[in-house]
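Q: The structure is given below, and queries will be raised subsequently.
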Number of protein chains: 2
Amino acid sequence: MEIKIMKNILDRNQNKANEVRDLLTSKRVLMVNIISSPGAGKTTLLERTLGELSEKFRIGVIEGDITTDRDAQRLKRFGIPIVVINTGGGCHLDSHSISKVLDHFDLDNLDVIFVENVGNLICPSQFDLGETFKLAVVSVAEGDDKPEKYPMVFREAKAVILNKIDLIPHTNFNNENFTSDLKKINDTIARFDVSCTRGDDMERWFNWISGQISNRYSG
Amino acid sequence: MEIKIMKNILDRNQNKANEVRDLLTSKRVLMVNIISSPGAGKTTLLERTLGELSEKFRIGVIEGDITTDRDAQRLKRFGIPIVVINTGGGCHLDSHSISKVLDHFDLDNLDVIFVENVGNLICPSQFDLGETFKLAVVSVAEGDDKPEKYPMVFREAKAVILNKIDLIPHTNFNNENFTSDLKKINDTIARFDVSCTRGDDMERWFNWISGQISNRYSG
């Protein structure tokens, strides 16, 4: 019975996601759905990325949070449009909540919307928001076994950020295990090993995401 | 509509949880429901705890995992009964899945069952398994803002393990912020700051959990 209910919920979500995607495509706005565990560094990644790109591109942010606007507060200084969706305990964003807040953006004058999903490596990967692609973020401190144990988001994502590489010397993170497990699940995923807190090795990421935005509707 | 469906699911879960709790109480078996984000260190905590307690107490483990038995493999060497529940994508354990696997344990000859829930700081806190109490695990690397951003599990837990304290010098974790936010949410929670990987400062935890097991049905 629960399986049938879940299918109905996912079907309704998919229909609305298709609408969102059609709208964004017609407006030529890229949308990146950022998914990670709590504390993997999504907001710090956004701080670094906005610091680099907010003068080059017209950027909006949707912040998914259970109850606070703490993450949005951290991004206010960039002077870009930010909308907070408080899920009130809900464990993921869905396409209906995204659809409702798109009115707050001037889509005719926007290049990209970054969506910071609720901190959860499982549920958000099941709900299409109408995004152009998913971005997985995983921290070294979570351990090298995450791709194998939580494969869904790594399977679905176009790119993965391995964050907190400055902690590698202080943990038992095994890069070879992580790499081979990830490859088994998704051998075309783009990968960026960085430290968002320190700002280490961000250049390749900045170039890649700039390319995704610039070329978003070519070819 | 989804709210009503969710209420039905939670009601059915609660009924079964009450049955599980009655059974465990009648058998004098403590059950600890361990909840954390992916990679916070639940399995390493269990390795340390079983290493210390498996000769003093009769222990069973239920391992909740999405798809693998990797965590259970890590605990095999202790020679205790372990049951794996693969949720097949499901983001939390529920009381029905617990009820079904209790047959695999000899409850008349058991003191405690540790349940390692699926790695998720949100959904597992909504589903009573029939446990005696919940134990939250959170790692320094996740940041000091987790209690405020994900309050449910911290509100419900009897104890919290702050793990990976050896990483404090390498992160921007602010212990005062963590402490005051946690206090606002739950000012009676027992707290243990440890490093499970290194084995630092585990003694207070071992004593506390031993006391919980020993005194489980006194007073």
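Just so we're on the same page: first chain in the structure tokens is A, next is B, and so on; residues restart at 1 for each chain, and ligands are numbered from 1 in the order they show up.
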Give me the least-squares superposed chain A (reference chain B; all C-alpha atoms paired in order) as a CSV table (one decimal) with C-alpha atoms, in the first residue's frame.
A:
chain,number,residue,atom,x,y,z
A,1,MET,CA,-3.7,15.0,1.4
A,2,GLU,CA,-0.1,14.0,1.9
A,3,ILE,CA,-0.3,15.1,5.6
A,4,LYS,CA,-3.2,12.7,6.1
A,5,ILE,CA,-1.3,9.8,4.5
A,6,MET,CA,1.7,10.6,6.6
A,7,LYS,CA,-0.4,10.6,9.7
A,8,ASN,CA,-1.8,7.1,8.8
A,9,ILE,CA,1.7,5.8,8.2
A,10,LEU,CA,2.9,7.3,11.5
A,11,ASP,CA,-0.1,5.9,13.4
A,12,ARG,CA,0.4,2.4,12.1
A,13,ASN,CA,4.1,2.7,12.9
A,14,GLN,CA,3.3,3.8,16.5
A,15,ASN,CA,1.0,0.9,17.1
A,16,LYS,CA,3.6,-1.6,16.1
A,17,ALA,CA,6.3,0.3,18.0
A,18,ASN,CA,4.1,-0.1,21.2
A,19,GLU,CA,4.0,-3.8,20.6
A,20,VAL,CA,7.7,-4.0,20.1
A,21,ARG,CA,8.3,-2.0,23.3
A,22,ASP,CA,5.9,-4.2,25.3
A,23,LEU,CA,7.7,-7.3,24.1
A,24,LEU,CA,11.2,-6.0,24.9
A,25,THR,CA,10.1,-4.8,28.3
A,26,SER,CA,8.6,-8.2,29.1
A,27,LYS,CA,11.9,-9.8,28.1
A,28,ARG,CA,14.0,-7.1,29.9
A,29,VAL,CA,15.9,-6.2,26.8
A,30,LEU,CA,17.1,-2.6,26.3
A,31,MET,CA,17.0,-1.2,22.8
A,32,VAL,CA,19.1,1.8,21.6
A,33,ASN,CA,18.1,3.5,18.4
A,34,ILE,CA,21.3,5.1,17.0
A,35,ILE,CA,20.6,8.0,14.6
A,36,SER,CA,23.1,10.2,12.7
A,37,SER,CA,24.0,11.6,9.3
A,38,PRO,CA,25.9,9.4,6.9
A,39,GLY,CA,29.5,9.0,8.0
A,40,ALA,CA,29.1,10.5,11.5
A,41,GLY,CA,30.6,7.4,13.0
A,42,LYS,CA,27.8,5.1,14.1
A,43,THR,CA,29.5,1.9,13.1
A,44,THR,CA,32.9,2.9,14.6
A,45,LEU,CA,31.1,3.8,17.8
A,46,LEU,CA,29.6,0.3,17.8
A,47,GLU,CA,33.0,-1.3,17.1
A,48,ARG,CA,34.4,0.5,20.2
A,49,THR,CA,31.4,-0.2,22.3
A,50,LEU,CA,31.2,-3.9,21.4
A,51,GLY,CA,35.0,-4.2,22.0
A,52,GLU,CA,34.4,-2.9,25.6
A,53,LEU,CA,31.0,-4.5,26.5
A,54,SER,CA,30.6,-7.7,24.5
A,55,GLU,CA,32.0,-9.8,27.3
A,56,LYS,CA,30.1,-8.0,30.1
A,57,PHE,CA,26.7,-8.1,28.4
A,58,ARG,CA,24.7,-10.2,26.0
A,59,ILE,CA,24.4,-7.9,22.9
A,60,GLY,CA,22.6,-8.0,19.6
A,61,VAL,CA,22.8,-5.6,16.7
A,62,ILE,CA,20.3,-4.6,14.0
A,63,GLU,CA,22.0,-2.9,11.0
A,64,GLY,CA,19.8,-0.7,8.9
A,65,ASP,CA,21.3,0.0,5.5
A,66,ILE,CA,20.0,1.0,2.1
A,67,THR,CA,21.7,-1.6,0.1
A,68,THR,CA,24.9,-3.2,1.5
A,69,ASP,CA,26.0,-5.2,4.5
A,70,ARG,CA,29.3,-3.4,4.8
A,71,ASP,CA,28.6,-2.2,8.4
A,72,ALA,CA,27.6,-5.7,9.5
A,73,GLN,CA,30.8,-7.1,8.1
A,74,ARG,CA,32.8,-4.7,10.2
A,75,LEU,CA,31.0,-6.1,13.4
A,76,LYS,CA,31.2,-9.8,12.6
A,77,ARG,CA,34.4,-10.4,14.5
A,78,PHE,CA,32.6,-9.8,17.8
A,79,GLY,CA,30.7,-13.1,17.4
A,80,ILE,CA,27.4,-11.6,18.4
A,81,PRO,CA,24.0,-11.9,16.7
A,82,ILE,CA,23.6,-9.3,13.9
A,83,VAL,CA,20.7,-8.9,11.6
A,84,VAL,CA,20.9,-6.6,8.5
A,85,ILE,CA,17.8,-4.8,7.3
A,86,ASN,CA,18.2,-3.5,3.7
A,87,THR,CA,15.7,-0.8,3.1
A,88,GLY,CA,16.1,-0.9,-0.6
A,89,GLY,CA,16.3,2.9,-0.9
A,90,GLY,CA,14.1,3.6,2.1
A,91,CYS,CA,15.4,6.5,4.2
A,92,HIS,CA,14.7,5.1,7.7
A,93,LEU,CA,13.8,2.0,9.7
A,94,ASP,CA,10.3,1.5,11.0
A,95,SER,CA,8.8,-0.6,13.7
A,96,HIS,CA,7.4,-3.1,11.3
A,97,SER,CA,10.8,-4.0,10.0
A,98,ILE,CA,12.2,-4.2,13.5
A,99,SER,CA,9.3,-6.4,14.6
A,100,LYS,CA,9.9,-8.8,11.8
A,101,VAL,CA,13.6,-9.4,12.6
A,102,LEU,CA,13.2,-9.8,16.4
A,103,ASP,CA,12.5,-13.5,15.8
A,104,HIS,CA,16.2,-13.9,14.9
A,105,PHE,CA,17.2,-13.0,18.4
A,106,ASP,CA,17.0,-15.2,21.5
A,107,LEU,CA,15.3,-12.4,23.6
A,108,ASP,CA,15.4,-14.5,26.8
A,109,ASN,CA,19.2,-14.4,26.7
A,110,LEU,CA,19.9,-10.9,25.6
A,111,ASP,CA,20.5,-7.7,27.6
A,112,VAL,CA,20.6,-5.1,24.8
A,113,ILE,CA,20.0,-4.5,21.1
A,114,PHE,CA,21.8,-1.7,19.4
A,115,VAL,CA,20.0,-0.6,16.2
A,116,GLU,CA,22.1,1.3,13.7
A,117,ASN,CA,19.5,3.3,11.8
A,118,VAL,CA,20.0,4.4,8.1
A,119,GLY,CA,22.3,7.4,7.8
A,120,ASN,CA,19.9,10.3,7.9
A,121,LEU,CA,19.5,13.0,10.5
A,122,ILE,CA,15.9,13.7,9.6
A,123,CYS,CA,13.5,10.8,8.8
A,124,PRO,CA,14.6,8.3,11.4
A,125,SER,CA,13.7,10.7,14.2
A,126,GLN,CA,10.0,10.5,13.2
A,127,PHE,CA,9.7,6.8,13.4
A,128,ASP,CA,9.5,5.2,16.9
A,129,LEU,CA,11.0,1.7,16.6
A,130,GLY,CA,9.9,0.6,20.1
A,131,GLU,CA,13.3,1.5,21.4
A,132,THR,CA,14.1,2.3,25.0
A,133,PHE,CA,15.8,5.5,23.9
A,134,LYS,CA,17.3,7.2,20.9
A,135,LEU,CA,21.0,8.0,20.7
A,136,ALA,CA,22.1,10.9,18.4
A,137,VAL,CA,25.6,10.8,16.9
A,138,VAL,CA,27.0,14.0,15.3
A,139,SER,CA,30.5,14.6,14.0
A,140,VAL,CA,32.6,17.7,14.6
A,141,ALA,CA,33.1,17.8,10.8
A,142,GLU,CA,29.4,18.4,10.2
A,143,GLY,CA,29.7,21.8,11.9
A,144,ASP,CA,28.4,23.3,15.1
A,145,ASP,CA,25.0,24.4,13.7
A,146,LYS,CA,23.5,20.9,13.4
A,147,PRO,CA,21.3,21.0,16.6
A,148,GLU,CA,19.6,24.2,15.5
A,149,LYS,CA,19.2,23.2,11.9
A,150,TYR,CA,18.1,19.6,12.6
A,151,PRO,CA,16.5,19.9,16.0
A,152,MET,CA,14.2,16.8,16.0
A,153,VAL,CA,16.7,14.1,16.8
A,154,PHE,CA,18.4,16.2,19.4
A,155,ARG,CA,15.1,16.9,21.1
A,156,GLU,CA,14.1,13.3,21.2
A,157,ALA,CA,17.4,11.7,22.1
A,158,LYS,CA,18.4,10.7,25.7
A,159,ALA,CA,22.1,11.1,24.8
A,160,VAL,CA,24.3,12.6,22.1
A,161,ILE,CA,27.7,11.5,21.0
A,162,LEU,CA,29.8,14.4,19.6
A,163,ASN,CA,32.3,12.3,17.6
A,164,LYS,CA,35.6,13.1,15.8
A,165,ILE,CA,36.8,15.6,18.5
A,166,ASP,CA,40.3,15.0,17.2
A,167,LEU,CA,39.3,17.1,14.1
A,168,ILE,CA,38.4,20.2,16.2
A,169,PRO,CA,41.8,21.8,15.6
A,170,HIS,CA,41.4,21.4,11.8
A,171,THR,CA,37.9,22.8,11.5
A,172,ASN,CA,36.0,25.9,12.4
A,173,PHE,CA,33.8,24.0,14.8
A,174,ASN,CA,32.7,26.3,17.7
A,175,ASN,CA,32.0,24.3,20.8
A,176,GLU,CA,30.3,27.2,22.6
A,177,ASN,CA,27.8,27.6,19.8
A,178,PHE,CA,27.1,23.9,19.7
A,179,THR,CA,26.7,23.7,23.4
A,180,SER,CA,24.3,26.7,23.8
A,181,ASP,CA,22.2,25.6,20.7
A,182,LEU,CA,22.0,22.1,22.1
A,183,LYS,CA,21.0,23.3,25.5
A,184,LYS,CA,18.1,25.4,24.1
A,185,ILE,CA,16.7,22.3,22.4
A,186,ASN,CA,17.3,19.7,25.1
A,187,ASP,CA,18.8,20.7,28.4
A,188,THR,CA,18.7,17.2,30.0
A,189,ILE,CA,20.5,15.3,27.2
A,190,ALA,CA,23.6,13.3,28.3
A,191,ARG,CA,26.6,14.3,26.2
A,192,PHE,CA,29.8,12.5,25.4
A,193,ASP,CA,32.6,14.1,23.4
A,194,VAL,CA,34.8,11.4,21.9
A,195,SER,CA,36.9,10.3,19.0
A,196,CYS,CA,35.7,6.8,18.1
A,197,THR,CA,38.4,6.3,15.4
A,198,ARG,CA,41.2,7.1,17.9
A,199,GLY,CA,39.4,5.8,21.0
A,200,ASP,CA,39.8,9.0,22.8
A,201,ASP,CA,37.6,9.9,25.9
A,202,MET,CA,35.4,6.8,25.5
A,203,GLU,CA,35.4,5.9,29.2
A,204,ARG,CA,32.5,8.1,30.3
A,205,TRP,CA,30.4,6.7,27.5
A,206,PHE,CA,31.2,3.1,28.4
A,207,ASN,CA,30.3,3.8,32.0
A,208,TRP,CA,27.1,5.5,31.1
A,209,ILE,CA,25.8,2.9,28.6
A,210,SER,CA,26.8,0.1,31.0
A,211,GLY,CA,24.7,1.8,33.7
A,212,GLN,CA,21.8,2.1,31.3
A,213,ILE,CA,22.0,-1.6,30.5
A,214,SER,CA,22.5,-2.8,34.1
A,215,ASN,CA,19.7,-0.7,35.5
A,216,ARG,CA,17.4,-1.0,32.6
A,217,TYR,CA,14.3,-2.2,34.5
A,218,SER,CA,15.0,-0.9,38.0
A,219,GLY,CA,12.9,1.8,39.4
Q: Run DSSP on the backbone of this structure and report the residues of segment 10-168 of chain A it assigns to strand (DSSP E), as a ChimeraX atom specification.
A: /A:30-36,59-65,82-86,112-116,133-139,159-163
